[in-house]
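*Asks:* Next comes coords.csv, CSV, C-alpha atoms:
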chain,number,residue,atom,x,y,z
A,12,MET,CA,97.2,82.1,99.1
A,13,ASN,CA,100.5,80.7,100.3
A,14,ASN,CA,101.1,83.4,103.0
A,15,GLY,CA,103.4,81.8,105.5
A,16,LEU,CA,104.3,78.7,103.5
A,17,THR,CA,108.1,78.4,103.3
A,18,TYR,CA,110.5,76.2,101.4
A,19,TYR,CA,108.6,74.8,98.5
A,20,THR,CA,105.0,75.5,97.8
A,21,TRP,CA,104.7,72.0,96.6
A,22,VAL,CA,101.9,70.5,98.6
A,23,ASN,CA,101.8,66.7,98.6
A,24,SER,CA,98.8,66.2,100.9
A,25,LEU,CA,95.9,68.1,102.4
A,26,ILE,CA,93.5,67.1,105.2
A,27,THR,CA,91.0,69.0,107.4
A,28,SER,CA,90.0,68.6,111.0
A,29,GLY,CA,87.2,70.9,111.9
A,30,ALA,CA,88.3,74.4,110.9
A,31,ASN,CA,91.9,73.4,110.6
A,32,ILE,CA,93.6,72.7,107.3
A,33,PHE,CA,96.9,70.7,107.4
A,34,ALA,CA,99.3,70.7,104.4
A,35,GLY,CA,102.0,68.1,104.0
A,36,MET,CA,104.9,69.7,102.0
A,37,ARG,CA,107.6,68.5,99.7
A,38,GLY,CA,110.0,70.3,102.0
A,39,GLY,CA,109.3,72.1,105.3
A,40,GLY,CA,107.1,69.5,107.0
A,41,VAL,CA,103.5,70.2,108.0
A,42,PHE,CA,101.8,73.5,107.9
A,43,LEU,CA,98.5,74.5,109.6
A,44,SER,CA,95.9,77.1,108.6
A,45,THR,CA,93.1,78.1,110.9
A,46,ASP,CA,91.7,80.7,108.6
A,47,SER,CA,90.7,78.9,105.5
A,48,GLY,CA,94.2,79.0,104.0
A,49,SER,CA,94.7,82.8,104.2
A,50,SER,CA,97.8,82.2,106.5
A,51,TRP,CA,99.9,79.2,107.3
A,52,THR,CA,102.2,78.2,110.3
A,53,ALA,CA,104.7,75.4,110.4
A,54,VAL,CA,103.8,72.8,113.0
A,55,ASN,CA,106.9,70.6,113.0
A,56,ASN,CA,108.1,70.1,116.6
A,57,GLY,CA,109.5,66.6,116.7
A,58,LEU,CA,108.9,66.0,113.0
A,59,THR,CA,112.3,65.0,111.7
A,60,GLY,CA,111.0,64.0,108.2
A,61,THR,CA,110.4,67.3,106.4
A,62,ILE,CA,109.2,65.7,103.1
A,63,VAL,CA,105.6,64.8,104.0
A,64,PHE,CA,104.1,62.5,101.4
A,65,SER,CA,100.8,61.8,103.1
A,66,LEU,CA,98.5,62.9,106.0
A,67,ALA,CA,95.6,61.1,107.6
A,68,ILE,CA,93.3,61.8,110.6
A,69,SER,CA,91.7,59.4,113.0
A,70,GLY,CA,89.7,61.2,115.7
A,71,SER,CA,92.2,63.6,117.4
A,72,ASN,CA,95.2,61.7,116.0
A,73,ILE,CA,97.0,63.1,112.9
A,74,PHE,CA,99.5,60.8,111.1
A,75,ALA,CA,102.2,62.0,108.7
A,76,GLY,CA,103.9,59.7,106.2
A,77,THR,CA,107.4,61.0,105.6
A,78,GLU,CA,110.8,60.0,104.2
A,79,GLU,CA,111.7,59.1,107.8
A,80,GLY,CA,108.6,57.0,108.6
A,81,VAL,CA,105.3,57.7,110.2
A,82,PHE,CA,104.8,60.4,112.8
A,83,LEU,CA,101.8,60.9,115.2
A,84,SER,CA,100.4,64.1,116.6
A,85,ASN,CA,97.5,64.2,119.0
A,86,ASN,CA,97.6,68.0,119.6
A,87,ASN,CA,96.8,69.5,116.2
A,88,GLY,CA,100.5,69.2,115.1
A,89,SER,CA,102.0,71.1,118.0
A,90,SER,CA,104.3,68.1,118.6
A,91,TRP,CA,105.0,64.8,116.7
A,92,THR,CA,106.2,61.4,117.8
A,93,PRO,CA,107.7,58.7,115.5
A,94,VAL,CA,105.5,55.5,115.3
A,95,ASN,CA,107.6,53.2,113.2
A,96,ASN,CA,107.8,49.9,115.1
A,97,GLY,CA,107.8,47.1,112.6
A,98,LEU,CA,108.2,49.1,109.4
A,99,THR,CA,111.0,47.7,107.2
A,100,ASN,CA,111.1,50.7,105.0
A,101,ALA,CA,111.0,54.3,106.4
A,102,ILE,CA,109.8,56.0,103.2
A,103,VAL,CA,106.0,56.2,103.6
A,104,PHE,CA,104.1,57.3,100.6
A,105,SER,CA,100.6,56.7,101.6
A,106,LEU,CA,98.4,56.4,104.7
A,107,ALA,CA,94.8,55.1,104.9
A,108,ILE,CA,92.6,54.7,108.0
A,109,ASN,CA,89.6,52.4,108.3
A,110,GLY,CA,88.1,52.3,111.8
A,111,ASN,CA,91.0,51.3,114.1
A,112,SER,CA,93.2,50.1,111.3
A,113,ILE,CA,95.9,52.3,109.9
A,114,PHE,CA,97.4,51.1,106.6
A,115,VAL,CA,100.9,52.4,105.6
A,116,GLY,CA,102.2,52.1,102.0
A,117,THR,CA,106.0,52.2,101.8
A,118,ASP,CA,108.6,52.6,99.0
A,119,GLY,CA,109.4,49.0,98.1
A,120,GLY,CA,108.6,47.6,101.6
A,121,GLY,CA,104.9,46.8,100.9
A,122,VAL,CA,101.8,47.7,102.9
A,123,PHE,CA,101.8,47.6,106.7
A,124,LEU,CA,98.9,47.5,109.2
A,125,SER,CA,98.6,48.9,112.7
A,126,THR,CA,95.7,48.6,115.0
A,127,ASN,CA,97.2,50.5,117.9
A,128,ASN,CA,97.8,54.0,116.5
A,129,GLY,CA,101.2,53.0,115.0
A,130,SER,CA,102.8,51.6,118.1
A,131,SER,CA,103.4,48.4,116.1
The structure in this file should be written as structure tokens.
*Replies:*
Amino acid sequence: MNNGLTYYTWVNSLITSGANIFAGMRGGGVFLSTDSGSSWTAVNNGLTGTIVFSLAISGSNIFAGTEEGVFLSNNNGSSWTPVNNGLTNAIVFSLAINGNSIFVGTDGGGVFLSTNNGSS
């Protein structure tokens, strides 16, 4: 069931939002399926980090943890914006969301907290 997945089929992270499934790939960025995984489309406009280690959703905001920091999409992955203010290490392995708090786990830089959607 990897129709449309390119690069590697190594999936690091999966999340769902309604009927949408997002896959964070080891190469190739983020892919979206709107048909239960039968087909996939790359949704990487603005996403410069193509190794996606983690994905998290808060309301309509999707966060991607990559080798180039955290990226935010508020339009189902159609476009991404970097939100890395204050991060001392750009390699982001894990993301967790609790209410308005976003926790970012980095490679050797520790854990960071944002309460404003990653602006700082």
*Asks:* What's around stretch 104-118 of chain A at 7 Å? Count all atoms listed in the file, leave out sequence neighbours fewer than 6 positions away in its own chain, and write the answer as a PyMOL selection string.
*Replies:* chain A and resi 64-67+69+76+124-126
*Asks:* Taking all atoms listed in the file into account, which of A:Val122, A:Leu83, A:Ile73, A:Asn31 comes nearest A:Trp51?
*Replies:* A:Asn31
*Asks:* With distances taken over all atoms listed in the file, which of A:Phe74, A:Leu43, A:Val81, A:Ser130 is nearest to A:Gly60?
*Replies:*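 For A:Gly60, the nearest of the candidates is A:Val81.
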*Asks:* Considering all atoms listed in the file, can you say which of A:Gly119, A:Gly57, A:Gly40, A:Gly129 comes closest to A:Trp91?
*Replies:* A:Gly57
*Asks:* With only C-alpha atoms as the counted atoms, please give the residues lying no more than 9 Å from A:Asn55, apart from itself and same-chain residues fewer than 4 positions off, as a list of chain:residue names.
*Replies:*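 My list of contacting residues is A:Gly39, A:Gly40, A:Val41, A:Phe42, A:Thr59, A:Thr61, A:Gly88, A:Ser89, A:Ser90, A:Trp91.
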*Asks:* Enter the distance from atom CA of A:Pro93 to atom CA of A:Asn127, in Å, rounded to one decimal.
*Replies:*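 Here the two named atoms are 13.5 Å from each other.
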*Asks:* Using all atoms listed in the file, which residue out of A:Asn56, A:Asn100, A:Thr20, A:Asn87 lies closest to A:Ile32?
*Replies:*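 The shortest atom-to-atom distance to A:Ile32 comes from A:Asn87.
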*Asks:* Interatomic distance between atom CA of A:Gly80 and atom CA of A:Thr27?
*Replies:*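 These atoms are spaced 21.3 Å apart.
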*Asks:* Measure the distance from atom CA of A:Asn23 to atom CA of A:Ser131 in Å and round it to one decimal.
*Replies:* 25.4 Å
*Asks:* Using only C-alpha atoms, which of A:Ser71, A:Ala53, A:Leu98, A:Val22 sits nearest A:Asn85?
*Replies:* A:Ser71
*Asks:* Can you take stretch 48-84 of chain A from the block and write N, CA and C atoms as a compact mmCIF listing (two decimals), in the first residue's frame?
*Replies:*
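Contents of selection35.txt, as written:
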# COMPACT_ATOMS: atom_id res chain seq x y z
N GLY A 48 -4.83 5.35 2.96
CA GLY A 48 -3.52 4.82 2.62
C GLY A 48 -3.41 4.15 1.27
N SER A 49 -4.46 4.17 0.46
CA SER A 49 -4.39 3.56 -0.87
C SER A 49 -3.47 4.34 -1.80
N SER A 50 -3.43 5.66 -1.65
CA SER A 50 -2.53 6.48 -2.46
C SER A 50 -1.98 7.60 -1.58
N TRP A 51 -0.80 8.09 -1.98
CA TRP A 51 -0.08 9.10 -1.20
C TRP A 51 0.40 10.21 -2.11
N THR A 52 0.42 11.44 -1.57
CA THR A 52 0.91 12.60 -2.29
C THR A 52 1.88 13.35 -1.39
N ALA A 53 3.02 13.77 -1.94
CA ALA A 53 3.98 14.57 -1.19
C ALA A 53 3.38 15.94 -0.91
N VAL A 54 3.51 16.42 0.31
CA VAL A 54 3.03 17.76 0.71
C VAL A 54 4.20 18.47 1.40
N ASN A 55 5.10 19.02 0.59
CA ASN A 55 6.37 19.52 1.11
C ASN A 55 6.70 20.96 0.77
N ASN A 56 5.75 21.74 0.27
CA ASN A 56 6.04 23.12 -0.11
C ASN A 56 6.54 23.90 1.11
N GLY A 57 7.80 24.34 1.06
CA GLY A 57 8.39 25.09 2.16
C GLY A 57 9.10 24.22 3.18
N LEU A 58 8.97 22.92 3.08
CA LEU A 58 9.61 22.00 4.02
C LEU A 58 11.02 21.70 3.51
N THR A 59 12.03 22.31 4.12
CA THR A 59 13.40 22.10 3.65
C THR A 59 14.04 20.88 4.29
N GLY A 60 13.52 20.44 5.42
CA GLY A 60 14.02 19.24 6.06
C GLY A 60 13.25 18.04 5.56
N THR A 61 13.89 17.18 4.75
CA THR A 61 13.16 16.06 4.15
C THR A 61 13.25 14.78 4.96
N ILE A 62 14.08 14.77 6.00
CA ILE A 62 14.07 13.65 6.94
C ILE A 62 13.16 14.07 8.08
N VAL A 63 11.98 13.50 8.12
CA VAL A 63 10.97 13.86 9.12
C VAL A 63 10.96 12.78 10.19
N PHE A 64 11.42 13.14 11.38
CA PHE A 64 11.50 12.19 12.49
C PHE A 64 10.17 12.08 13.24
N SER A 65 9.42 13.20 13.30
CA SER A 65 8.21 13.19 14.13
C SER A 65 7.17 14.15 13.56
N LEU A 66 5.92 13.83 13.86
CA LEU A 66 4.78 14.66 13.48
C LEU A 66 3.87 14.79 14.70
N ALA A 67 3.21 15.94 14.81
CA ALA A 67 2.24 16.15 15.89
C ALA A 67 1.17 17.12 15.39
N ILE A 68 -0.03 16.97 15.93
CA ILE A 68 -1.15 17.83 15.54
C ILE A 68 -1.75 18.50 16.77
N SER A 69 -2.03 19.79 16.61
CA SER A 69 -2.75 20.56 17.62
C SER A 69 -3.81 21.38 16.89
N GLY A 70 -5.06 20.94 16.97
CA GLY A 70 -6.13 21.62 16.23
C GLY A 70 -5.88 21.52 14.75
N SER A 71 -5.81 22.67 14.06
CA SER A 71 -5.53 22.67 12.63
C SER A 71 -4.05 22.81 12.32
N ASN A 72 -3.21 22.84 13.35
CA ASN A 72 -1.76 22.98 13.17
C ASN A 72 -1.08 21.62 13.15
N ILE A 73 -0.25 21.40 12.14
CA ILE A 73 0.56 20.19 12.04
C ILE A 73 2.02 20.61 12.19
N PHE A 74 2.73 19.91 13.06
CA PHE A 74 4.15 20.19 13.30
C PHE A 74 4.97 19.01 12.80
N ALA A 75 6.09 19.31 12.15
CA ALA A 75 7.02 18.28 11.68
C ALA A 75 8.38 18.54 12.31
N GLY A 76 8.93 17.53 12.96
CA GLY A 76 10.29 17.60 13.50
C GLY A 76 11.24 16.98 12.50
N THR A 77 12.21 17.76 12.03
CA THR A 77 13.10 17.33 10.94
C THR A 77 14.56 17.51 11.33
N GLU A 78 15.45 17.18 10.39
CA GLU A 78 16.88 17.41 10.61
C GLU A 78 17.23 18.89 10.46
N GLU A 79 16.25 19.72 10.09
CA GLU A 79 16.47 21.16 9.98
C GLU A 79 15.52 21.94 10.89
N GLY A 80 15.04 21.31 11.94
CA GLY A 80 14.20 22.00 12.91
C GLY A 80 12.73 21.62 12.82
N VAL A 81 11.89 22.49 13.38
CA VAL A 81 10.45 22.27 13.43
C VAL A 81 9.79 23.12 12.35
N PHE A 82 8.82 22.52 11.67
CA PHE A 82 8.05 23.21 10.64
C PHE A 82 6.58 23.12 11.00
N LEU A 83 5.82 24.16 10.65
CA LEU A 83 4.40 24.26 10.96
C LEU A 83 3.59 24.40 9.67
N SER A 84 2.51 23.63 9.59
CA SER A 84 1.54 23.79 8.52
C SER A 84 0.17 23.96 9.15
